>>> print(open('entry-v4.txt').read())   # compact mmCIF, C-alpha atoms
# COMPACT_ATOMS: atom_id res chain seq x y z
CA ASN A 144 -94.84 8.66 -28.28
CA PHE A 145 -94.86 5.87 -30.87
CA PHE A 146 -91.13 5.12 -30.66
CA ILE A 147 -91.12 4.94 -26.84
CA ARG A 148 -94.11 2.57 -26.82
CA HIS A 149 -92.63 0.36 -29.55
CA ASP A 150 -89.02 -0.48 -28.71
CA PHE A 151 -88.77 -2.85 -31.65
CA VAL A 152 -88.76 0.18 -33.99
CA PHE A 153 -85.44 1.28 -32.48
CA GLN A 154 -84.12 -2.26 -32.88
CA LEU A 155 -84.86 -2.09 -36.61
CA PHE A 156 -82.65 0.95 -37.16
CA PRO A 157 -79.30 -0.92 -36.99
CA VAL A 158 -80.61 -3.56 -39.42
CA LEU A 159 -81.93 -0.90 -41.78
CA MET A 160 -78.63 0.98 -41.60
CA LEU A 161 -76.66 -2.17 -42.44
CA VAL A 162 -78.94 -2.80 -45.42
CA LEU A 163 -78.51 0.78 -46.65
CA THR A 164 -74.73 0.52 -46.21
CA TRP A 165 -74.71 -2.66 -48.30
CA PHE A 166 -76.93 -1.01 -50.92
CA SER A 167 -74.64 2.02 -51.26
CA ASN A 168 -71.63 -0.29 -51.72
CA TYR A 169 -73.56 -2.35 -54.28
CA PHE A 170 -74.56 0.79 -56.17
CA LEU A 171 -70.94 2.00 -56.23
CA ILE A 172 -69.53 -1.35 -57.40
CA THR A 173 -72.19 -1.58 -60.12
CA SER A 174 -71.46 1.91 -61.42
CA LEU A 175 -67.70 1.26 -61.52
CA SER A 176 -67.80 -2.25 -63.00
CA GLY A 177 -70.61 -1.71 -65.51
CA ASN A 178 -71.78 -4.99 -67.04
CA LEU A 179 -68.47 -6.78 -66.51
CA LEU A 180 -69.54 -8.34 -63.21
CA GLN A 181 -72.50 -10.64 -62.77
CA THR A 182 -75.14 -9.68 -60.21
CA PHE A 183 -74.01 -12.50 -57.89
CA SER A 184 -70.44 -11.16 -57.89
CA ARG A 185 -71.58 -7.59 -57.23
CA VAL A 186 -73.78 -8.75 -54.34
CA ASN A 187 -70.92 -10.72 -52.79
CA LEU A 188 -68.41 -7.90 -53.18
CA SER A 189 -70.88 -5.50 -51.55
CA PHE A 190 -71.38 -7.86 -48.62
CA PHE A 191 -67.62 -8.26 -48.33
CA LEU A 192 -67.01 -4.50 -48.29
CA THR A 193 -69.81 -3.93 -45.76
CA LEU A 194 -68.57 -6.67 -43.41
CA LEU A 195 -65.00 -5.42 -43.68
CA PHE A 196 -66.19 -1.92 -42.76
CA VAL A 197 -68.13 -3.20 -39.74
CA PHE A 198 -65.08 -5.19 -38.61
CA MET A 199 -62.60 -2.31 -39.06
CA MET A 200 -64.65 0.68 -37.91
CA PRO A 201 -63.42 2.09 -34.57
CA SER A 202 -66.86 2.08 -32.98
CA ALA A 203 -69.62 -0.14 -34.37
CA ALA A 204 -71.78 0.89 -31.41
CA GLN A 205 -71.71 4.56 -32.45
CA GLY A 206 -72.13 3.69 -36.11
CA PHE A 207 -75.10 1.34 -35.92
CA PHE A 208 -76.56 1.35 -32.39
CA TRP A 209 -76.49 5.01 -31.35
CA MET A 210 -79.27 7.07 -32.88
CA THR A 211 -77.15 10.22 -33.32
CA GLY A 212 -74.42 8.19 -34.96
CA ILE A 213 -76.93 6.50 -37.26
CA LEU A 214 -78.88 9.57 -38.38
CA ALA A 215 -76.17 12.25 -38.39
CA TYR A 216 -73.18 10.22 -39.58
CA GLN A 217 -73.68 6.74 -41.03
CA LEU A 218 -76.80 7.76 -42.94
CA GLY A 219 -74.83 10.77 -44.19
CA ASN A 220 -72.03 8.44 -45.33
CA VAL A 221 -74.54 6.35 -47.28
CA ILE A 222 -76.12 9.42 -48.91
CA THR A 223 -72.66 10.73 -49.85
CA LEU A 224 -71.68 7.43 -51.48
CA LEU A 225 -74.97 7.36 -53.38
CA HIS A 226 -74.30 10.93 -54.54
CA ILE A 227 -70.81 10.00 -55.76
CA THR A 228 -72.27 7.02 -57.58
CA PHE A 229 -74.80 9.26 -59.35
CA VAL A 230 -71.89 11.52 -60.34
CA ILE A 231 -70.01 8.52 -61.79
CA ASN A 232 -73.08 7.42 -63.74
CA PHE A 233 -73.58 10.97 -65.01
CA ILE A 234 -70.03 11.01 -66.37
CA ARG A 235 -70.56 7.59 -67.95
CA LYS A 236 -73.85 8.86 -69.44
CA LYS A 237 -75.83 6.14 -67.71
CA PHE A 238 -78.73 8.36 -66.68
CA PHE A 239 -81.50 7.43 -64.29
CA VAL A 240 -84.72 8.01 -66.29
CA HIS A 241 -83.43 11.19 -67.97
CA ARG A 242 -80.28 13.34 -68.01
CA TYR A 243 -81.86 16.31 -66.21
CA PHE A 244 -83.78 14.17 -63.74
CA HIS A 245 -80.53 12.34 -62.98
CA LEU A 246 -78.79 15.70 -62.45
CA LEU A 247 -81.59 16.86 -60.14
CA ILE A 248 -81.20 13.76 -57.96
CA THR A 249 -77.40 14.24 -57.94
CA ILE A 250 -77.71 17.82 -56.68
CA THR A 251 -80.41 16.88 -54.15
CA LEU A 252 -78.17 14.14 -52.73
CA LEU A 253 -75.29 16.63 -52.57
CA ALA A 254 -77.38 19.10 -50.58
CA ALA A 255 -78.60 16.35 -48.26
CA ALA A 256 -75.09 14.96 -47.68
CA ILE A 257 -73.63 18.37 -46.80
CA GLY A 258 -76.50 18.97 -44.38
CA PHE A 259 -75.69 15.92 -42.25
CA ASN A 260 -72.45 17.09 -40.62
CA GLU A 261 -69.42 19.34 -41.02
CA VAL A 262 -67.10 16.44 -41.93
CA LEU A 263 -69.04 15.56 -45.08
CA MET A 264 -69.39 19.26 -45.86
CA VAL A 265 -65.60 19.79 -45.89
CA MET A 266 -64.96 16.48 -47.62
CA LEU A 267 -67.28 17.15 -50.57
CA CYS A 268 -66.05 20.73 -51.08
CA THR A 269 -62.43 19.52 -51.06
CA PHE A 270 -63.24 16.52 -53.28
CA TYR A 271 -64.78 18.60 -56.06
CA LEU A 272 -62.16 21.33 -55.87
CA LEU A 273 -59.36 18.76 -56.30
CA LEU A 274 -61.16 17.02 -59.15
CA PHE A 275 -61.66 20.34 -60.91
CA LEU A 276 -58.01 21.36 -60.47
CA PHE A 277 -56.07 18.13 -60.95
CA ALA A 278 -58.11 15.28 -62.44
CA PRO A 279 -57.35 14.48 -66.13
CA LEU A 280 -60.84 15.15 -67.43
CA GLU A 281 -62.56 16.32 -70.56
CA LYS A 282 -63.51 20.00 -70.61
CA ASN A 283 -67.24 19.37 -70.10
CA HIS A 284 -66.50 17.09 -67.13
CA ARG A 285 -64.23 19.71 -65.59
CA THR A 286 -67.06 22.25 -65.91
CA PHE A 287 -69.41 19.75 -64.28
CA PHE A 288 -67.10 19.41 -61.26
CA LEU A 289 -66.72 23.18 -61.05
CA VAL A 290 -70.52 23.48 -60.85
CA LEU A 291 -70.63 20.81 -58.13
CA PHE A 292 -67.89 22.64 -56.21
CA VAL A 293 -69.78 25.95 -56.38
CA LEU A 294 -73.00 24.22 -55.28
CA SER A 295 -71.11 22.53 -52.44
CA LEU A 296 -69.86 25.92 -51.26
CA GLY A 297 -73.37 27.35 -51.46
CA PHE A 298 -74.91 24.52 -49.44
CA SER A 299 -72.01 24.74 -46.96
CA VAL A 300 -72.69 28.43 -46.36
CA LEU A 301 -76.27 27.57 -45.38
CA VAL A 302 -74.94 24.98 -42.91
CA PHE A 303 -72.27 27.35 -41.58
CA ILE A 304 -74.67 30.23 -40.84
CA ALA A 305 -77.22 28.01 -39.07
CA PRO A 306 -77.90 29.62 -35.65
CA GLY A 307 -77.35 26.37 -33.75
CA ASN A 308 -73.63 26.41 -34.57
CA ALA A 309 -72.90 29.37 -32.29
CA VAL A 310 -74.77 27.75 -29.42
CA ARG A 311 -72.90 24.48 -29.90
CA GLU A 312 -69.47 26.12 -30.12
CA SER A 313 -70.12 28.13 -26.93
CA MET A 314 -70.23 24.81 -25.07
CA PHE A 315 -66.55 24.16 -25.91
CA PRO A 316 -64.38 27.05 -24.62
CA SER A 317 -61.09 25.31 -25.62
CA ASN A 318 -61.95 25.16 -29.32
CA HIS A 319 -60.37 27.01 -32.30
CA ASP A 320 -56.80 26.20 -31.20
CA PHE A 321 -55.04 25.54 -34.53
CA LEU A 322 -51.74 24.21 -33.17
CA LYS A 323 -53.46 21.82 -30.79
CA SER A 324 -55.93 20.70 -33.47
CA ALA A 325 -53.18 20.16 -36.07
CA GLY A 326 -50.91 18.34 -33.62
CA PHE A 327 -53.57 15.94 -32.38
CA THR A 328 -54.82 15.42 -35.96
CA PHE A 329 -51.31 14.37 -36.99
CA MET A 330 -51.03 11.86 -34.14
CA GLN A 331 -54.51 10.40 -34.61
CA LEU A 332 -53.99 10.16 -38.38
CA PHE A 333 -51.03 7.83 -38.05
CA ARG A 334 -52.67 5.94 -35.19
CA PHE A 335 -55.74 4.96 -37.20
CA LEU A 336 -53.92 4.59 -40.51
CA PHE A 337 -51.43 2.14 -39.00
CA ASP A 338 -54.27 0.29 -37.29
CA TRP A 339 -56.13 -0.16 -40.58
CA ILE A 340 -53.27 -1.01 -42.96
CA SER A 341 -51.96 -3.59 -40.47
CA ASN A 342 -55.41 -5.16 -40.18
CA LEU A 343 -55.07 -8.84 -41.13
CA PRO A 344 -58.47 -9.21 -42.92
CA LEU A 345 -57.67 -6.11 -45.00
CA ILE A 346 -54.23 -7.47 -45.95
CA ILE A 347 -55.65 -10.88 -46.94
CA SER A 348 -58.51 -9.25 -48.88
CA THR A 349 -56.10 -6.99 -50.73
CA VAL A 350 -53.92 -9.91 -51.82
CA LEU A 351 -56.92 -11.97 -52.91
CA LEU A 352 -58.43 -9.12 -54.94
CA LEU A 353 -55.24 -8.06 -56.71
CA THR A 354 -55.51 -10.54 -59.59
CA PHE A 355 -59.26 -10.17 -59.88
CA GLY A 356 -59.00 -6.39 -59.85
CA ASN A 357 -56.28 -6.28 -62.52
CA GLU A 358 -58.40 -8.42 -64.87
CA LEU A 359 -61.41 -6.17 -64.32
CA ILE A 360 -59.39 -3.01 -64.96
CA GLN A 361 -58.05 -4.34 -68.28
CA LYS A 362 -61.62 -4.91 -69.49
CA ASN A 363 -63.07 -1.67 -68.14
CA THR A 364 -62.05 1.51 -70.00
CA PHE A 365 -63.67 3.77 -67.40
CA LEU A 366 -61.77 2.17 -64.50
CA LYS A 367 -58.57 2.23 -66.53
CA ASN A 368 -58.98 5.98 -67.09
CA ILE A 369 -59.65 6.58 -63.39
CA LEU A 370 -56.58 4.61 -62.38
CA SER A 371 -54.40 6.36 -64.95
CA VAL A 372 -54.03 9.06 -62.29
CA HIS A 373 -50.71 8.84 -60.46
CA PRO A 374 -50.90 6.51 -57.39
CA LEU A 375 -49.79 9.41 -55.20
CA PHE A 376 -53.17 11.04 -55.92
CA TYR A 377 -54.99 8.13 -54.24
CA ASN A 378 -52.46 7.92 -51.40
CA ALA A 379 -52.93 11.63 -50.78
CA GLY A 380 -56.69 11.05 -50.91
CA ILE A 381 -56.48 8.52 -48.09
CA PHE A 382 -54.49 10.92 -45.92
CA LEU A 383 -56.82 13.78 -46.80
CA VAL A 384 -59.94 11.81 -45.84
CA LEU A 385 -58.45 11.11 -42.43
CA VAL A 386 -57.41 14.73 -41.90
CA ILE A 387 -60.87 15.98 -42.88
CA CYS A 388 -62.53 13.54 -40.46
CA ILE A 389 -60.17 14.26 -37.55
CA PHE A 390 -59.33 17.98 -37.72
CA PRO A 391 -62.87 19.51 -37.61
CA PRO A 392 -63.86 17.85 -34.28
CA TYR A 393 -60.63 19.12 -32.67
CA TRP A 394 -61.13 22.59 -34.20
CA PHE A 395 -64.79 23.00 -33.26
CA THR A 396 -64.81 21.18 -29.89
CA GLY A 397 -61.18 20.89 -28.77
CA THR A 398 -61.42 17.10 -28.57
CA LEU A 399 -61.99 14.11 -30.83
CA GLY A 400 -64.70 12.88 -28.47
CA GLN A 401 -66.68 10.03 -29.92
CA HIS A 402 -65.28 8.11 -32.88
CA ARG A 403 -68.25 8.63 -35.16
CA THR A 404 -66.17 10.87 -37.47
CA ILE A 405 -63.44 8.18 -37.62
CA ASN A 406 -66.15 5.72 -38.64
CA ALA A 407 -66.78 8.02 -41.60
CA ALA A 408 -63.05 8.05 -42.40
CA CYS A 409 -63.01 4.24 -42.38
CA PHE A 410 -66.08 4.12 -44.63
CA PHE A 411 -64.38 6.17 -47.36
CA PHE A 412 -60.91 4.74 -46.71
CA LEU A 413 -61.92 1.28 -47.94
CA PRO A 414 -62.99 2.21 -51.52
CA LEU A 415 -59.90 4.40 -51.91
CA TRP A 416 -57.69 1.59 -50.62
CA PHE A 417 -59.01 -0.97 -53.09
CA LEU A 418 -58.83 1.49 -55.97
>>> encode(input="entry-v4.txt", output="C-alpha cells")
Amino acid sequence: NFFIRHDFVFQLFPVLMLVLTWFSNYFLITSLSGNLLQTFSRVNLSFFLTLLFVFMMPSAAQGFFWMTGILAYQLGNVITLLHITFVINFIRKKFFVHRYFHLLITITLLAAAIGFNEVLMVMLCTFYLLLFLFAPLEKNHRTFFLVLFVLSLGFSVLVFIAPGNAVRESMFPSNHDFLKSAGFTFMQLFRFLFDWISNLPLIISTVLLLTFGNELIQKNTFLKNILSVHPLFYNAGIFLVLVICIFPPYWFTGTLGQHRTINAACFFFLPLWFL
C-alpha cells in the first residue's frame, strides 16, 4: 500500500487541510468585501480567521491530525464554505466563467457537502429553508434559495437511505432518546458558547475589528443589505449552528463522543460572530 510505505504522505494531510481552510476563508472574505480590500488585507484576514479557528476549536487533533476528522468533517466544512461563497457570488452576479457553469459548480458543491456528514446535511437544509422564509430578498433570489432547499432535501434523502446508516445505528442501542438528546444538547450548547465568547483572543479581535468593519460596511452595499437583517437573526443563527452540530450525535449515537462536530460548529461560529 502506497500510503503505508510512505508515511510522509499522511504528514502532508494536516498541512494541506490548513491550506484549504485558509483558502476557503480567503474566498469568503473576497466574495463579501468585493474590491474594497486589497489582496494583502484579504490574505491577512484569512490567516487571522484560520489561526483563530485553530486556537479555539475544541480538538485540533481530531480536526487536522485524525484522518476521519480530516476527510469526513474538516474537508466537509471547507467544501460547505466554498459552496456558500459560490452562492454569494451568484447573488452578486459575479459568475465564475459563465452563469450556468457557476450554477453547476454551486449545486455540485452542495451535493458534495451534504454527502460528508449528517451535521452539514441538516445545517444546509435548515440554512436554505430559513433564508427562503425570512431573509429580505428579491423575488428571484427567494426562488433561488427555494431551489437550493429542494435540492438539499433531495441530496439528504440519498444520504438518509444509504444502507450503512442502519448498520451504524445498530451499534448504539441507547440512541433516539429525544429528551436525553435535547437535555444534553442544551447543556453542551451553553458550555461551548460560554467558552468561545469568553475567549480572550476572540474578545480582543472583536474590539480591534469593530472600527475597521464599520468602515467596510458603509462602503459595501451588499454587506449593508446583509446586515440590515435584525441582529437577533444572527444571534439565533449562532445558537442554531451549535444545536445542529450537537443534537444529531446525541440522537444517532446517544453520546457526543469525539468533538469533531463541535469543531464544525466553531468553524461556522466565527464568520457569524464577526458578521
>>> closest_residue(input="entry-v4.txt", among="A:Leu352, A:Leu272, A:Leu385, A:Met266", to="Asn220 in chain A", atoms="only C-alpha atoms")
A:Met266
>>> atom_distance(input="entry-v4.txt", atom1="CA of Gly307 in chain A", atom2="CA of Ile257 in chain A")
15.8 Å
>>> closest_residue(input="entry-v4.txt", among="A:Leu289, A:Leu192, A:Phe327, A:Met199", to="Ser341 in chain A", atoms="only C-alpha atoms")
A:Met199
>>> closest_residue(input="entry-v4.txt", among="A:Thr286, A:Thr349, A:Thr404, A:Asn378", to="Ile213 in chain A", atoms="all atoms listed in the file")
A:Thr404
>>> closest_residue(input="entry-v4.txt", among="A:Leu413, A:Ile250, A:Phe382, A:Phe395", to="Phe321 in chain A", atoms="all atoms listed in the file")
A:Phe395
>>> closest_residue(input="entry-v4.txt", among="A:Val230, A:Asn406, A:Met264, A:Phe191", to="Phe207 in chain A", atoms="all atoms listed in the file")
A:Asn406
>>> atom_distance(input="entry-v4.txt", atom1="CA of Ala408 in chain A", atom2="CA of Val384 in chain A")
6.0 Å
>>> closest_residue(input="entry-v4.txt", among="A:Gly212, A:Lys237, A:Phe198, A:Phe376", to="Asn178 in chain A", atoms="only C-alpha atoms")
A:Lys237
>>> atom_distance(input="entry-v4.txt", atom1="CA of Val302 in chain A", atom2="CA of Thr396 in chain A")
16.9 Å
>>> residues_around(input="entry-v4.txt", residues="Ser184 in chain A", least_positions_apart="4", cutoff="12 Å", atoms="only C-alpha atoms", output="list in words")
Tyr169, Ile172, Thr173, Ser176, Asn178, Leu179, Leu180, Leu188, Ser189, Phe190, Phe191 and Phe355 of chain A
>>> write_last_selection(input="entry-v4.txt", atoms="C-alpha atoms", output="PDB file, in the frame of the given file")
ATOM      1  CA  TYR A 169     -73.560  -2.350 -54.280  1.00  0.00           C
ATOM      2  CA  ILE A 172     -69.530  -1.350 -57.400  1.00  0.00           C
ATOM      3  CA  THR A 173     -72.190  -1.580 -60.120  1.00  0.00           C
ATOM      4  CA  SER A 176     -67.800  -2.250 -63.000  1.00  0.00           C
ATOM      5  CA  ASN A 178     -71.780  -4.990 -67.040  1.00  0.00           C
ATOM      6  CA  LEU A 179     -68.470  -6.780 -66.510  1.00  0.00           C
ATOM      7  CA  LEU A 180     -69.540  -8.340 -63.210  1.00  0.00           C
ATOM      8  CA  LEU A 188     -68.410  -7.900 -53.180  1.00  0.00           C
ATOM      9  CA  SER A 189     -70.880  -5.500 -51.550  1.00  0.00           C
ATOM     10  CA  PHE A 190     -71.380  -7.860 -48.620  1.00  0.00           C
ATOM     11  CA  PHE A 191     -67.620  -8.260 -48.330  1.00  0.00           C
ATOM     12  CA  PHE A 355     -59.260 -10.170 -59.880  1.00  0.00           C
TER      13      PHE A 355
END
